[in-house]
file run-v8.csv (CSV, N, CA, C and O atoms)
chain,number,residue,atom,x,y,z
A,1,ILE,N,-13.9,56.2,-80.0
A,1,ILE,CA,-14.9,55.3,-79.5
A,1,ILE,C,-14.6,53.8,-79.7
A,1,ILE,O,-15.3,52.9,-79.3
A,2,TYR,N,-13.4,53.6,-80.4
A,2,TYR,CA,-13.0,52.2,-80.6
A,2,TYR,C,-12.8,51.5,-79.3
A,2,TYR,O,-12.1,51.9,-78.5
A,3,GLY,N,-13.5,50.3,-79.2
A,3,GLY,CA,-13.3,49.5,-78.0
A,3,GLY,C,-14.1,50.0,-76.8
A,3,GLY,O,-14.0,49.5,-75.7
A,4,GLY,N,-14.9,51.1,-77.0
A,4,GLY,CA,-15.6,51.6,-75.9
A,4,GLY,C,-17.1,51.3,-76.0
A,4,GLY,O,-17.5,50.4,-76.6
A,5,ASP,N,-17.8,52.1,-75.2
A,5,ASP,CA,-19.3,51.9,-75.2
A,5,ASP,C,-19.9,52.7,-76.3
A,5,ASP,O,-20.1,53.9,-76.2
A,6,HIS,N,-20.2,52.1,-77.4
A,6,HIS,CA,-20.7,52.7,-78.6
A,6,HIS,C,-22.0,53.3,-78.4
A,6,HIS,O,-22.3,54.4,-78.9
A,7,ALA,N,-22.9,52.7,-77.6
A,7,ALA,CA,-24.2,53.2,-77.4
A,7,ALA,C,-24.1,54.5,-76.5
A,7,ALA,O,-24.8,55.5,-76.8
A,8,ALA,N,-23.2,54.5,-75.6
A,8,ALA,CA,-23.0,55.7,-74.8
A,8,ALA,C,-22.5,56.9,-75.6
A,8,ALA,O,-22.9,58.0,-75.5
A,9,ALA,N,-21.5,56.5,-76.5
A,9,ALA,CA,-21.0,57.5,-77.4
A,9,ALA,C,-22.0,58.1,-78.3
A,9,ALA,O,-22.1,59.3,-78.6
A,10,ALA,N,-22.9,57.2,-78.8
A,10,ALA,CA,-24.0,57.7,-79.7
A,10,ALA,C,-25.0,58.6,-78.9
A,10,ALA,O,-25.4,59.6,-79.4
A,11,GLN,N,-25.3,58.2,-77.7
A,11,GLN,CA,-26.1,59.1,-76.8
A,11,GLN,C,-25.5,60.4,-76.5
A,11,GLN,O,-26.2,61.4,-76.5
A,12,LEU,N,-24.2,60.4,-76.2
A,12,LEU,CA,-23.5,61.7,-76.0
A,12,LEU,C,-23.6,62.6,-77.3
A,12,LEU,O,-23.8,63.8,-77.2
A,13,ALA,N,-23.3,62.0,-78.4
A,13,ALA,CA,-23.4,62.7,-79.7
A,13,ALA,C,-24.8,63.3,-79.9
A,13,ALA,O,-25.0,64.4,-80.3
A,14,ARG,N,-25.8,62.4,-79.6
A,14,ARG,CA,-27.2,62.9,-79.8
A,14,ARG,C,-27.5,64.1,-78.9
A,14,ARG,O,-28.1,65.1,-79.3
A,15,GLY,N,-27.0,64.0,-77.6
A,15,GLY,CA,-27.2,65.1,-76.7
A,15,GLY,C,-26.4,66.4,-77.1
A,15,GLY,O,-26.8,67.5,-76.8
A,16,ALA,N,-25.4,66.2,-77.9
A,16,ALA,CA,-24.6,67.4,-78.5
A,16,ALA,C,-25.2,67.9,-79.7
A,16,ALA,O,-24.7,68.8,-80.3
A,17,GLY,N,-26.4,67.3,-80.2
A,17,GLY,CA,-27.0,67.8,-81.4
A,17,GLY,C,-26.6,67.2,-82.7
A,17,GLY,O,-26.9,67.7,-83.8
A,18,VAL,N,-25.8,66.1,-82.6
A,18,VAL,CA,-25.4,65.4,-83.8
A,18,VAL,C,-26.7,64.8,-84.4
A,18,VAL,O,-27.5,64.2,-83.7
A,19,PRO,N,-26.8,64.9,-85.7
A,19,PRO,CA,-28.0,64.3,-86.3
A,19,PRO,C,-28.2,62.8,-86.0
A,19,PRO,O,-27.2,62.1,-85.9
A,20,ASP,N,-29.5,62.4,-85.9
A,20,ASP,CA,-29.8,61.0,-85.5
A,20,ASP,C,-29.1,60.0,-86.4
A,20,ASP,O,-28.6,58.9,-85.9
A,21,VAL,N,-29.1,60.2,-87.7
A,21,VAL,CA,-28.5,59.2,-88.6
A,21,VAL,C,-27.0,59.0,-88.3
A,21,VAL,O,-26.5,57.9,-88.3
A,22,ALA,N,-26.3,60.1,-88.0
A,22,ALA,CA,-24.9,59.9,-87.6
A,22,ALA,C,-24.7,59.2,-86.2
A,22,ALA,O,-23.8,58.4,-86.1
A,23,CYS,N,-25.6,59.5,-85.3
A,23,CYS,CA,-25.6,58.8,-84.0
A,23,CYS,C,-25.8,57.3,-84.2
A,23,CYS,O,-25.2,56.5,-83.5
A,24,GLU,N,-26.7,56.9,-85.2
A,24,GLU,CA,-26.9,55.5,-85.5
A,24,GLU,C,-25.6,54.9,-86.0
A,24,GLU,O,-25.3,53.7,-85.7
A,25,TRP,N,-24.9,55.6,-86.8
A,25,TRP,CA,-23.6,55.1,-87.3
A,25,TRP,C,-22.6,54.9,-86.2
A,25,TRP,O,-21.9,53.9,-86.1
A,26,ILE,N,-22.6,55.9,-85.3
A,26,ILE,CA,-21.7,55.8,-84.1
A,26,ILE,C,-22.0,54.5,-83.3
A,26,ILE,O,-21.1,53.7,-82.9
A,27,ALA,N,-23.3,54.3,-83.0
A,27,ALA,CA,-23.7,53.2,-82.2
A,27,ALA,C,-23.4,51.9,-82.9
A,27,ALA,O,-23.0,50.9,-82.3
A,28,ALA,N,-23.5,51.8,-84.2
A,28,ALA,CA,-23.2,50.6,-85.0
A,28,ALA,C,-21.7,50.3,-85.2
A,28,ALA,O,-21.4,49.2,-85.6
A,29,THR,N,-20.8,51.2,-84.8
A,29,THR,CA,-19.4,50.9,-84.9
A,29,THR,C,-18.9,49.8,-84.0
A,29,THR,O,-17.8,49.3,-84.2
A,30,GLY,N,-19.7,49.4,-83.0
A,30,GLY,CA,-19.4,48.3,-82.2
A,30,GLY,C,-19.6,47.0,-82.8
A,30,GLY,O,-19.2,45.9,-82.3
A,31,GLU,N,-20.3,47.0,-84.0
A,31,GLU,CA,-20.6,45.7,-84.7
A,31,GLU,C,-19.4,45.3,-85.4
A,31,GLU,O,-18.7,46.1,-86.0
A,32,ARG,N,-19.2,44.0,-85.5
A,32,ARG,CA,-18.1,43.4,-86.2
A,32,ARG,C,-18.6,42.8,-87.5
A,32,ARG,O,-19.7,42.3,-87.6
A,33,PHE,N,-17.8,42.8,-88.5
A,33,PHE,CA,-18.2,42.3,-89.9
A,33,PHE,C,-18.6,40.8,-89.8
A,33,PHE,O,-19.5,40.4,-90.5
A,34,ASP,N,-18.0,40.1,-88.9
A,34,ASP,CA,-18.3,38.6,-88.7
A,34,ASP,C,-19.5,38.3,-87.8
A,34,ASP,O,-19.9,37.2,-87.6
A,35,GLY,N,-20.2,39.4,-87.3
A,35,GLY,CA,-21.4,39.2,-86.5
A,35,GLY,C,-21.2,39.0,-85.1
A,35,GLY,O,-22.1,38.8,-84.3
A,36,GLU,N,-19.9,39.2,-84.6
A,36,GLU,CA,-19.6,39.0,-83.2
A,36,GLU,C,-19.7,40.3,-82.4
A,36,GLU,O,-19.2,40.3,-81.2
A,37,GLY,N,-20.4,41.3,-82.9
A,37,GLY,CA,-20.6,42.5,-82.1
A,37,GLY,C,-21.8,42.4,-81.2
A,37,GLY,O,-22.5,41.4,-81.0
A,38,PRO,N,-22.1,43.5,-80.5
A,38,PRO,CA,-23.1,43.5,-79.4
A,38,PRO,C,-24.5,43.2,-79.9
A,38,PRO,O,-25.3,42.5,-79.1
A,39,ARG,N,-24.9,43.6,-81.1
A,39,ARG,CA,-26.2,43.2,-81.6
A,39,ARG,C,-26.2,42.1,-82.6
A,39,ARG,O,-27.3,41.7,-83.1
A,40,GLY,N,-25.1,41.5,-82.9
A,40,GLY,CA,-25.0,40.4,-83.8
A,40,GLY,C,-25.2,40.7,-85.2
A,40,GLY,O,-25.5,39.8,-86.0
A,41,LEU,N,-25.1,42.0,-85.6
A,41,LEU,CA,-25.3,42.3,-87.0
A,41,LEU,C,-24.0,41.9,-87.7
A,41,LEU,O,-22.9,41.9,-87.1
A,42,ALA,N,-24.1,41.5,-89.0
A,42,ALA,CA,-23.0,41.0,-89.7
A,42,ALA,C,-23.0,41.6,-91.1
A,42,ALA,O,-24.1,41.9,-91.7
A,43,GLY,N,-21.8,41.7,-91.7
A,43,GLY,CA,-21.7,42.1,-93.1
A,43,GLY,C,-22.5,43.3,-93.5
A,43,GLY,O,-22.4,44.4,-92.8
A,44,GLU,N,-23.3,43.2,-94.5
A,44,GLU,CA,-24.1,44.4,-95.0
A,44,GLU,C,-25.2,44.7,-94.2
A,44,GLU,O,-25.9,45.7,-94.4
A,45,GLN,N,-25.5,44.0,-93.1
A,45,GLN,CA,-26.5,44.4,-92.1
A,45,GLN,C,-26.0,45.7,-91.4
A,45,GLN,O,-26.8,46.4,-90.8
A,46,ILE,N,-24.7,45.9,-91.3
A,46,ILE,CA,-24.1,47.0,-90.7
A,46,ILE,C,-24.0,48.1,-91.8
A,46,ILE,O,-23.6,47.9,-92.9
A,47,SER,N,-24.4,49.3,-91.4
A,47,SER,CA,-24.4,50.4,-92.4
A,47,SER,C,-22.9,50.6,-92.9
A,47,SER,O,-22.0,50.4,-92.2
A,48,LEU,N,-22.8,51.0,-94.2
A,48,LEU,CA,-21.5,51.2,-94.8
A,48,LEU,C,-20.8,52.3,-94.0
A,48,LEU,O,-19.6,52.2,-93.8
A,49,GLU,N,-21.5,53.3,-93.6
A,49,GLU,CA,-20.9,54.4,-92.8
A,49,GLU,C,-20.2,53.8,-91.5
A,49,GLU,O,-19.1,54.2,-91.2
A,50,ALA,N,-20.9,53.0,-90.8
A,50,ALA,CA,-20.4,52.4,-89.6
A,50,ALA,C,-19.2,51.5,-89.9
A,50,ALA,O,-18.2,51.5,-89.1
A,51,ARG,N,-19.2,50.8,-91.0
A,51,ARG,CA,-18.1,49.9,-91.4
A,51,ARG,C,-16.9,50.8,-91.7
A,51,ARG,O,-15.7,50.4,-91.4
A,52,ILE,N,-17.1,51.9,-92.3
A,52,ILE,CA,-16.0,52.8,-92.7
A,52,ILE,C,-15.4,53.4,-91.4
A,52,ILE,O,-14.2,53.5,-91.2
A,53,ILE,N,-16.3,53.9,-90.5
A,53,ILE,CA,-15.8,54.5,-89.2
A,53,ILE,C,-15.0,53.5,-88.4
A,53,ILE,O,-14.0,53.8,-87.9
A,54,ARG,N,-15.5,52.2,-88.4
A,54,ARG,CA,-14.8,51.2,-87.6
A,54,ARG,C,-13.4,51.0,-88.2
A,54,ARG,O,-12.4,50.8,-87.5
A,55,ALA,N,-13.3,50.9,-89.5
A,55,ALA,CA,-12.0,50.7,-90.2
A,55,ALA,C,-11.1,51.9,-89.9
A,55,ALA,O,-9.9,51.7,-89.7
A,56,ALA,N,-11.6,53.1,-90.0
A,56,ALA,CA,-10.8,54.3,-89.7
A,56,ALA,C,-10.3,54.3,-88.3
A,56,ALA,O,-9.1,54.6,-88.0
A,57,CYS,N,-11.1,53.8,-87.3
A,57,CYS,CA,-10.7,53.8,-85.9
A,57,CYS,C,-9.6,52.7,-85.8
A,57,CYS,O,-8.6,52.9,-85.0
A,58,ALA,N,-9.8,51.6,-86.4
A,58,ALA,CA,-8.8,50.5,-86.4
A,58,ALA,C,-7.5,51.0,-87.0
A,58,ALA,O,-6.4,50.7,-86.5
A,59,CYS,N,-7.6,51.8,-88.1
A,59,CYS,CA,-6.4,52.3,-88.7
A,59,CYS,C,-5.7,53.3,-87.8
A,59,CYS,O,-4.4,53.2,-87.7
A,60,GLU,N,-6.4,54.1,-87.1
A,60,GLU,CA,-5.8,55.0,-86.1
A,60,GLU,C,-5.1,54.2,-85.0
A,60,GLU,O,-4.0,54.6,-84.6
A,61,ARG,N,-5.7,53.1,-84.6
A,61,ARG,CA,-5.1,52.3,-83.5
A,61,ARG,C,-3.8,51.6,-83.9
A,61,ARG,O,-2.9,51.6,-83.2
A,62,VAL,N,-3.8,51.1,-85.2
A,62,VAL,CA,-2.6,50.3,-85.6
A,62,VAL,C,-1.7,51.1,-86.5
A,62,VAL,O,-0.6,50.6,-86.9
A,63,GLY,N,-2.0,52.4,-86.8
A,63,GLY,CA,-1.2,53.2,-87.7
A,63,GLY,C,-1.4,52.7,-89.1
A,63,GLY,O,-2.5,52.1,-89.4
A,64,ALA,N,-0.5,52.9,-89.9
A,64,ALA,CA,-0.7,52.6,-91.3
A,64,ALA,C,-0.2,51.2,-91.6
A,64,ALA,O,0.3,50.8,-92.7
A,65,ASP,N,-0.3,50.3,-90.6
A,65,ASP,CA,0.2,48.9,-90.7
A,65,ASP,C,-0.9,48.1,-91.5
A,65,ASP,O,-1.8,47.6,-91.0
A,66,ALA,N,-0.6,48.0,-92.8
A,66,ALA,CA,-1.6,47.4,-93.7
A,66,ALA,C,-1.8,45.9,-93.3
A,66,ALA,O,-2.9,45.4,-93.5
A,67,SER,N,-0.7,45.2,-92.8
A,67,SER,CA,-0.9,43.8,-92.5
A,67,SER,C,-1.8,43.6,-91.3
A,67,SER,O,-2.6,42.7,-91.2
A,68,ALA,N,-1.8,44.6,-90.3
A,68,ALA,CA,-2.7,44.5,-89.2
A,68,ALA,C,-4.1,44.7,-89.6
A,68,ALA,O,-5.1,44.0,-89.2
A,69,LEU,N,-4.3,45.6,-90.5
A,69,LEU,CA,-5.7,45.9,-91.1
A,69,LEU,C,-6.1,44.6,-91.9
A,69,LEU,O,-7.3,44.2,-91.8
A,70,SER,N,-5.3,44.1,-92.7
A,70,SER,CA,-5.6,42.9,-93.5
A,70,SER,C,-6.0,41.7,-92.7
A,70,SER,O,-6.9,41.0,-93.0
A,71,ALA,N,-5.3,41.6,-91.5
A,71,ALA,CA,-5.6,40.5,-90.6
A,71,ALA,C,-7.0,40.6,-90.1
A,71,ALA,O,-7.6,39.5,-89.7
A,72,ALA,N,-7.5,41.8,-89.9
A,72,ALA,CA,-8.9,42.0,-89.4
A,72,ALA,C,-9.9,41.9,-90.4
A,72,ALA,O,-11.1,41.9,-90.1
A,73,ALA,N,-9.6,41.9,-91.7
A,73,ALA,CA,-10.5,41.9,-92.8
A,73,ALA,C,-11.3,40.6,-92.8
A,73,ALA,O,-10.8,39.5,-92.7
A,74,GLY,N,-12.6,40.7,-92.8
A,74,GLY,CA,-13.5,39.6,-92.8
A,74,GLY,C,-13.9,39.1,-91.4
A,74,GLY,O,-14.9,38.4,-91.3
A,75,LEU,N,-13.2,39.6,-90.5
A,75,LEU,CA,-13.5,39.2,-89.1
A,75,LEU,C,-14.1,40.5,-88.4
A,75,LEU,O,-15.3,40.6,-88.3
A,76,GLU,N,-13.2,41.4,-88.0
A,76,GLU,CA,-13.7,42.6,-87.4
A,76,GLU,C,-14.1,43.6,-88.4
A,76,GLU,O,-15.1,44.4,-88.2
A,77,LEU,N,-13.4,43.7,-89.5
A,77,LEU,CA,-13.6,44.7,-90.5
A,77,LEU,C,-14.1,44.2,-91.9
A,77,LEU,O,-13.8,43.1,-92.3
A,78,ASP,N,-14.8,45.1,-92.6
A,78,ASP,CA,-15.3,44.8,-93.9
A,78,ASP,C,-14.1,44.7,-94.9
A,78,ASP,O,-13.3,45.6,-95.0
A,79,PRO,N,-13.9,43.5,-95.5
A,79,PRO,CA,-12.7,43.4,-96.4
A,79,PRO,C,-12.7,44.4,-97.5
A,79,PRO,O,-11.6,44.9,-97.9
A,80,ARG,N,-13.8,44.8,-98.1
A,80,ARG,CA,-13.8,45.9,-99.1
A,80,ARG,C,-13.4,47.2,-98.6
A,80,ARG,O,-12.7,48.0,-99.3
A,81,VAL,N,-13.8,47.5,-97.4
A,81,VAL,CA,-13.4,48.8,-96.8
A,81,VAL,C,-11.9,48.8,-96.5
A,81,VAL,O,-11.2,49.8,-96.7
A,82,VAL,N,-11.4,47.6,-96.0
A,82,VAL,CA,-10.0,47.5,-95.7
A,82,VAL,C,-9.2,47.7,-97.0
A,82,VAL,O,-8.2,48.3,-97.0
A,83,ALA,N,-9.7,47.1,-98.1
A,83,ALA,CA,-9.0,47.2,-99.4
A,83,ALA,C,-8.9,48.6,-99.9
A,83,ALA,O,-7.9,49.1,-100.3
A,84,ALA,N,-10.0,49.3,-99.7
A,84,ALA,CA,-10.1,50.7,-100.2
A,84,ALA,C,-9.2,51.6,-99.3
A,84,ALA,O,-8.5,52.5,-99.8
A,85,LEU,N,-9.2,51.3,-98.0
A,85,LEU,CA,-8.4,52.1,-97.1
A,85,LEU,C,-6.9,51.8,-97.3
A,85,LEU,O,-6.1,52.7,-97.4
A,86,GLY,N,-6.6,50.6,-97.6
A,86,GLY,CA,-5.2,50.2,-97.9
A,86,GLY,C,-4.7,50.9,-99.2
A,86,GLY,O,-3.6,51.4,-99.2
A,87,SER,N,-5.6,50.9,-100.2
A,87,SER,CA,-5.2,51.6,-101.4
A,87,SER,C,-5.0,53.1,-101.2
A,87,SER,O,-4.0,53.6,-101.7
A,88,MET,N,-5.8,53.7,-100.4
A,88,MET,CA,-5.7,55.1,-100.1
A,88,MET,C,-4.4,55.4,-99.3
A,88,MET,O,-3.6,56.3,-99.6
A,89,LEU,N,-4.1,54.5,-98.3
A,89,LEU,CA,-2.9,54.6,-97.5
A,89,LEU,C,-1.6,54.5,-98.4
A,89,LEU,O,-0.7,55.2,-98.2
A,90,ARG,N,-1.7,53.6,-99.3
A,90,ARG,CA,-0.5,53.4,-100.2
A,90,ARG,C,-0.3,54.7,-101.1
A,90,ARG,O,0.9,55.1,-101.4
A,91,ARG,N,-1.4,55.3,-101.5
A,91,ARG,CA,-1.2,56.5,-102.3
A,91,ARG,C,-0.6,57.7,-101.5
A,91,ARG,O,0.0,58.6,-102.1
A,92,ILE,N,-0.9,57.8,-100.2
A,92,ILE,CA,-0.4,58.9,-99.4
A,92,ILE,C,0.8,58.6,-98.6
A,92,ILE,O,1.2,59.4,-97.8
A,93,ALA,N,1.3,57.4,-98.7
A,93,ALA,CA,2.5,56.9,-97.9
A,93,ALA,C,3.6,57.9,-98.1
A,93,ALA,O,3.9,58.3,-99.2
A,94,PRO,N,4.3,58.2,-97.0
A,94,PRO,CA,5.5,59.0,-97.1
A,94,PRO,C,6.5,58.5,-98.2
A,94,PRO,O,6.7,57.3,-98.3
A,95,GLY,N,7.0,59.4,-98.9
A,95,GLY,CA,8.0,59.0,-100.0
A,95,GLY,C,7.4,58.8,-101.3
A,95,GLY,O,8.1,58.7,-102.3
A,96,ASP,N,6.0,58.6,-101.4
A,96,ASP,CA,5.4,58.5,-102.7
A,96,ASP,C,5.1,59.9,-103.2
A,96,ASP,O,4.6,60.8,-102.5
A,97,SER,N,5.3,60.1,-104.5
A,97,SER,CA,5.0,61.4,-105.1
A,97,SER,C,4.6,61.2,-106.5
A,97,SER,O,5.0,60.4,-107.2
call {"tool": "encode", "arguments": {"input": "run-v8.csv", "output": "structure tokens"}}
result
Amino acid sequence: IYGGDHAAAAQLARGAGVPDVACEWIAATGERFDGEGPRGLAGEQISLEARIIRAACACERVGADASALSAAAGLELDPRVVAALGSMLRRIAPGDS
């Protein structure tokens, strides 16, 4: 759903029987941490679940490129979520044991 119609994705999920609360998270993934999203929600106005989903989608888009994720921190993505995701990615990086 990254970069797509988040409201439509939420409606599709609702039609598939996904619980309403999860559909709300899906709809809110269009919001940016800096408030430049479709509804103008910013920071903690966006549910933590939606901020995590958005960061996960960004991670999927850029791969494990920590610098690309860091560049989006505070703008598109929640900096605390990016830090947690980066920490997790470093722990599971190939070659680490």
call {"tool": "atom_distance", "arguments": {"input": "run-v8.csv", "atom1": "atom N of Ala73 in chain A", "atom2": "atom N of Ala8 in chain A"}}
result
24.6 Å
call {"tool": "closest_residue", "arguments": {"input": "run-v8.csv", "among": "A:Ala16, A:Ala50, A:Ile92, A:Ala56", "to": "Thr29 in chain A", "atoms": "all atoms listed in the file"}}
result
A:Ala50
call {"tool": "closest_residue", "arguments": {"input": "run-v8.csv", "among": "A:Leu89, A:Cys59, A:Leu41, A:Ile53", "to": "Leu75 in chain A", "atoms": "all atoms listed in the file"}}
result
A:Leu41
call {"tool": "atom_distance", "arguments": {"input": "run-v8.csv", "atom1": "CA of Ala7 in chain A", "atom2": "atom N of Pro79 in chain A"}}
result
23.0 Å
call {"tool": "residues_around", "arguments": {"input": "run-v8.csv", "residues": "Gly30 in chain A", "least_positions_apart": "3", "cutoff": "8 Å", "atoms": "only N, CA, C and O atoms", "output": "PDB file with N, CA, C and O atoms, in the coordinates of the input"}}
result
ATOM      1  N   ILE A   1     -13.900  56.200 -80.000  1.00  0.00           N
ATOM      2  CA  ILE A   1     -14.900  55.300 -79.500  1.00  0.00           C
ATOM      3  C   ILE A   1     -14.600  53.800 -79.700  1.00  0.00           C
ATOM      4  O   ILE A   1     -15.300  52.900 -79.300  1.00  0.00           O
ATOM      5  N   TYR A   2     -13.400  53.600 -80.400  1.00  0.00           N
ATOM      6  CA  TYR A   2     -13.000  52.200 -80.600  1.00  0.00           C
ATOM      7  C   TYR A   2     -12.800  51.500 -79.300  1.00  0.00           C
ATOM      8  O   TYR A   2     -12.100  51.900 -78.500  1.00  0.00           O
ATOM      9  N   GLY A   3     -13.500  50.300 -79.200  1.00  0.00           N
ATOM     10  CA  GLY A   3     -13.300  49.500 -78.000  1.00  0.00           C
ATOM     11  C   GLY A   3     -14.100  50.000 -76.800  1.00  0.00           C
ATOM     12  O   GLY A   3     -14.000  49.500 -75.700  1.00  0.00           O
ATOM     13  N   GLY A   4     -14.900  51.100 -77.000  1.00  0.00           N
ATOM     14  CA  GLY A   4     -15.600  51.600 -75.900  1.00  0.00           C
ATOM     15  C   GLY A   4     -17.100  51.300 -76.000  1.00  0.00           C
ATOM     16  O   GLY A   4     -17.500  50.400 -76.600  1.00  0.00           O
ATOM     17  N   ASP A   5     -17.800  52.100 -75.200  1.00  0.00           N
ATOM     18  CA  ASP A   5     -19.300  51.900 -75.200  1.00  0.00           C
ATOM     19  C   ASP A   5     -19.900  52.700 -76.300  1.00  0.00           C
ATOM     20  O   ASP A   5     -20.100  53.900 -76.200  1.00  0.00           O
ATOM     21  N   HIS A   6     -20.200  52.100 -77.400  1.00  0.00           N
ATOM     22  CA  HIS A   6     -20.700  52.700 -78.600  1.00  0.00           C
ATOM     23  C   HIS A   6     -22.000  53.300 -78.400  1.00  0.00           C
ATOM     24  O   HIS A   6     -22.300  54.400 -78.900  1.00  0.00           O
ATOM     25  N   ALA A   7     -22.900  52.700 -77.600  1.00  0.00           N
ATOM     26  CA  ALA A   7     -24.200  53.200 -77.400  1.00  0.00           C
ATOM     27  C   ALA A   7     -24.100  54.500 -76.500  1.00  0.00           C
ATOM     28  O   ALA A   7     -24.800  55.500 -76.800  1.00  0.00           O
ATOM     29  N   GLU A  24     -26.700  56.900 -85.200  1.00  0.00           N
ATOM     30  CA  GLU A  24     -26.900  55.500 -85.500  1.00  0.00           C
ATOM     31  C   GLU A  24     -25.600  54.900 -86.000  1.00  0.00           C
ATOM     32  O   GLU A  24     -25.300  53.700 -85.700  1.00  0.00           O
ATOM     33  N   TRP A  25     -24.900  55.600 -86.800  1.00  0.00           N
ATOM     34  CA  TRP A  25     -23.600  55.100 -87.300  1.00  0.00           C
ATOM     35  C   TRP A  25     -22.600  54.900 -86.200  1.00  0.00           C
ATOM     36  O   TRP A  25     -21.900  53.900 -86.100  1.00  0.00           O
ATOM     37  N   ILE A  26     -22.600  55.900 -85.300  1.00  0.00           N
ATOM     38  CA  ILE A  26     -21.700  55.800 -84.100  1.00  0.00           C
ATOM     39  C   ILE A  26     -22.000  54.500 -83.300  1.00  0.00           C
ATOM     40  O   ILE A  26     -21.100  53.700 -82.900  1.00  0.00           O
ATOM     41  N   ALA A  27     -23.300  54.300 -83.000  1.00  0.00           N
ATOM     42  CA  ALA A  27     -23.700  53.200 -82.200  1.00  0.00           C
ATOM     43  C   ALA A  27     -23.400  51.900 -82.900  1.00  0.00           C
ATOM     44  O   ALA A  27     -23.000  50.900 -82.300  1.00  0.00           O
ATOM     45  N   PHE A  33     -17.800  42.800 -88.500  1.00  0.00           N
ATOM     46  CA  PHE A  33     -18.200  42.300 -89.900  1.00  0.00           C
ATOM     47  C   PHE A  33     -18.600  40.800 -89.800  1.00  0.00           C
ATOM     48  O   PHE A  33     -19.500  40.400 -90.500  1.00  0.00           O
ATOM     49  N   GLY A  35     -20.200  39.400 -87.300  1.00  0.00           N
ATOM     50  CA  GLY A  35     -21.400  39.200 -86.500  1.00  0.00           C
ATOM     51  C   GLY A  35     -21.200  39.000 -85.100  1.00  0.00           C
ATOM     52  O   GLY A  35     -22.100  38.800 -84.300  1.00  0.00           O
ATOM     53  N   GLU A  36     -19.900  39.200 -84.600  1.00  0.00           N
ATOM     54  CA  GLU A  36     -19.600  39.000 -83.200  1.00  0.00           C
ATOM     55  C   GLU A  36     -19.700  40.300 -82.400  1.00  0.00           C
ATOM     56  O   GLU A  36     -19.200  40.300 -81.200  1.00  0.00           O
ATOM     57  N   GLY A  37     -20.400  41.300 -82.900  1.00  0.00           N
ATOM     58  CA  GLY A  37     -20.600  42.500 -82.100  1.00  0.00           C
ATOM     59  C   GLY A  37     -21.800  42.400 -81.200  1.00  0.00           C
ATOM     60  O   GLY A  37     -22.500  41.400 -81.000  1.00  0.00           O
ATOM     61  N   PRO A  38     -22.100  43.500 -80.500  1.00  0.00           N
ATOM     62  CA  PRO A  38     -23.100  43.500 -79.400  1.00  0.00           C
ATOM     63  C   PRO A  38     -24.500  43.200 -79.900  1.00  0.00           C
ATOM     64  O   PRO A  38     -25.300  42.500 -79.100  1.00  0.00           O
ATOM     65  N   ARG A  39     -24.900  43.600 -81.100  1.00  0.00           N
ATOM     66  CA  ARG A  39     -26.200  43.200 -81.600  1.00  0.00           C
ATOM     67  C   ARG A  39     -26.200  42.100 -82.600  1.00  0.00           C
ATOM     68  O   ARG A  39     -27.300  41.700 -83.100  1.00  0.00           O
ATOM     69  N   GLY A  40     -25.100  41.500 -82.900  1.00  0.00           N
ATOM     70  CA  GLY A  40     -25.000  40.400 -83.800  1.00  0.00           C
ATOM     71  C   GLY A  40     -25.200  40.700 -85.200  1.00  0.00           C
ATOM     72  O   GLY A  40     -25.500  39.800 -86.000  1.00  0.00           O
ATOM     73  N   LEU A  41     -25.100  42.000 -85.600  1.00  0.00           N
ATOM     74  CA  LEU A  41     -25.300  42.300 -87.000  1.00  0.00           C
ATOM     75  C   LEU A  41     -24.000  41.900 -87.700  1.00  0.00           C
ATOM     76  O   LEU A  41     -22.900  41.900 -87.100  1.00  0.00           O
ATOM     77  N   ALA A  50     -20.900  53.000 -90.800  1.00  0.00           N
ATOM     78  CA  ALA A  50     -20.400  52.400 -89.600  1.00  0.00           C
ATOM     79  C   ALA A  50     -19.200  51.500 -89.900  1.00  0.00           C
ATOM     80  O   ALA A  50     -18.200  51.500 -89.100  1.00  0.00           O
ATOM     81  N   ARG A  54     -15.500  52.200 -88.400  1.00  0.00           N
ATOM     82  CA  ARG A  54     -14.800  51.200 -87.600  1.00  0.00           C
ATOM     83  C   ARG A  54     -13.400  51.000 -88.200  1.00  0.00           C
ATOM     84  O   ARG A  54     -12.400  50.800 -87.500  1.00  0.00           O
ATOM     85  N   GLU A  76     -13.200  41.400 -88.000  1.00  0.00           N
ATOM     86  CA  GLU A  76     -13.700  42.600 -87.400  1.00  0.00           C
ATOM     87  C   GLU A  76     -14.100  43.600 -88.400  1.00  0.00           C
ATOM     88  O   GLU A  76     -15.100  44.400 -88.200  1.00  0.00           O
TER      89      GLU A  76
END
call {"tool": "atom_distance", "arguments": {"input": "run-v8.csv", "atom1": "atom C of Ala93 in chain A", "atom2": "CA of Leu48 in chain A"}}
result
26.2 Å
call {"tool": "decode", "arguments": {"input": "run-v8.csv", "residues": "range 33-38 of chain A", "atoms": "N, CA and C atoms", "output": "PDB file, in the first residue's frame"}}
result
ATOM      1  N   PHE A  33       5.003  11.645   9.208  1.00  0.00           N
ATOM      2  CA  PHE A  33       5.348  12.094  10.556  1.00  0.00           C
ATOM      3  C   PHE A  33       5.370  13.622  10.641  1.00  0.00           C
ATOM      4  N   ASP A  34       5.754  14.279   9.550  1.00  0.00           N
ATOM      5  CA  ASP A  34       5.847  15.744   9.540  1.00  0.00           C
ATOM      6  C   ASP A  34       4.519  16.444   9.274  1.00  0.00           C
ATOM      7  N   GLY A  35       3.443  15.684   9.122  1.00  0.00           N
ATOM      8  CA  GLY A  35       2.119  16.276   8.929  1.00  0.00           C
ATOM      9  C   GLY A  35       1.737  16.548   7.492  1.00  0.00           C
ATOM     10  N   GLU A  36       2.572  16.141   6.548  1.00  0.00           N
ATOM     11  CA  GLU A  36       2.300  16.409   5.134  1.00  0.00           C
ATOM     12  C   GLU A  36       1.458  15.326   4.463  1.00  0.00           C
ATOM     13  N   GLY A  37       0.781  14.495   5.238  1.00  0.00           N
ATOM     14  CA  GLY A  37      -0.056  13.442   4.671  1.00  0.00           C
ATOM     15  C   GLY A  37      -1.440  13.941   4.306  1.00  0.00           C
ATOM     16  N   PRO A  38      -2.294  13.054   3.828  1.00  0.00           N
ATOM     17  CA  PRO A  38      -3.608  13.453   3.324  1.00  0.00           C
ATOM     18  C   PRO A  38      -4.533  14.109   4.357  1.00  0.00           C
TER      19      PRO A  38
END
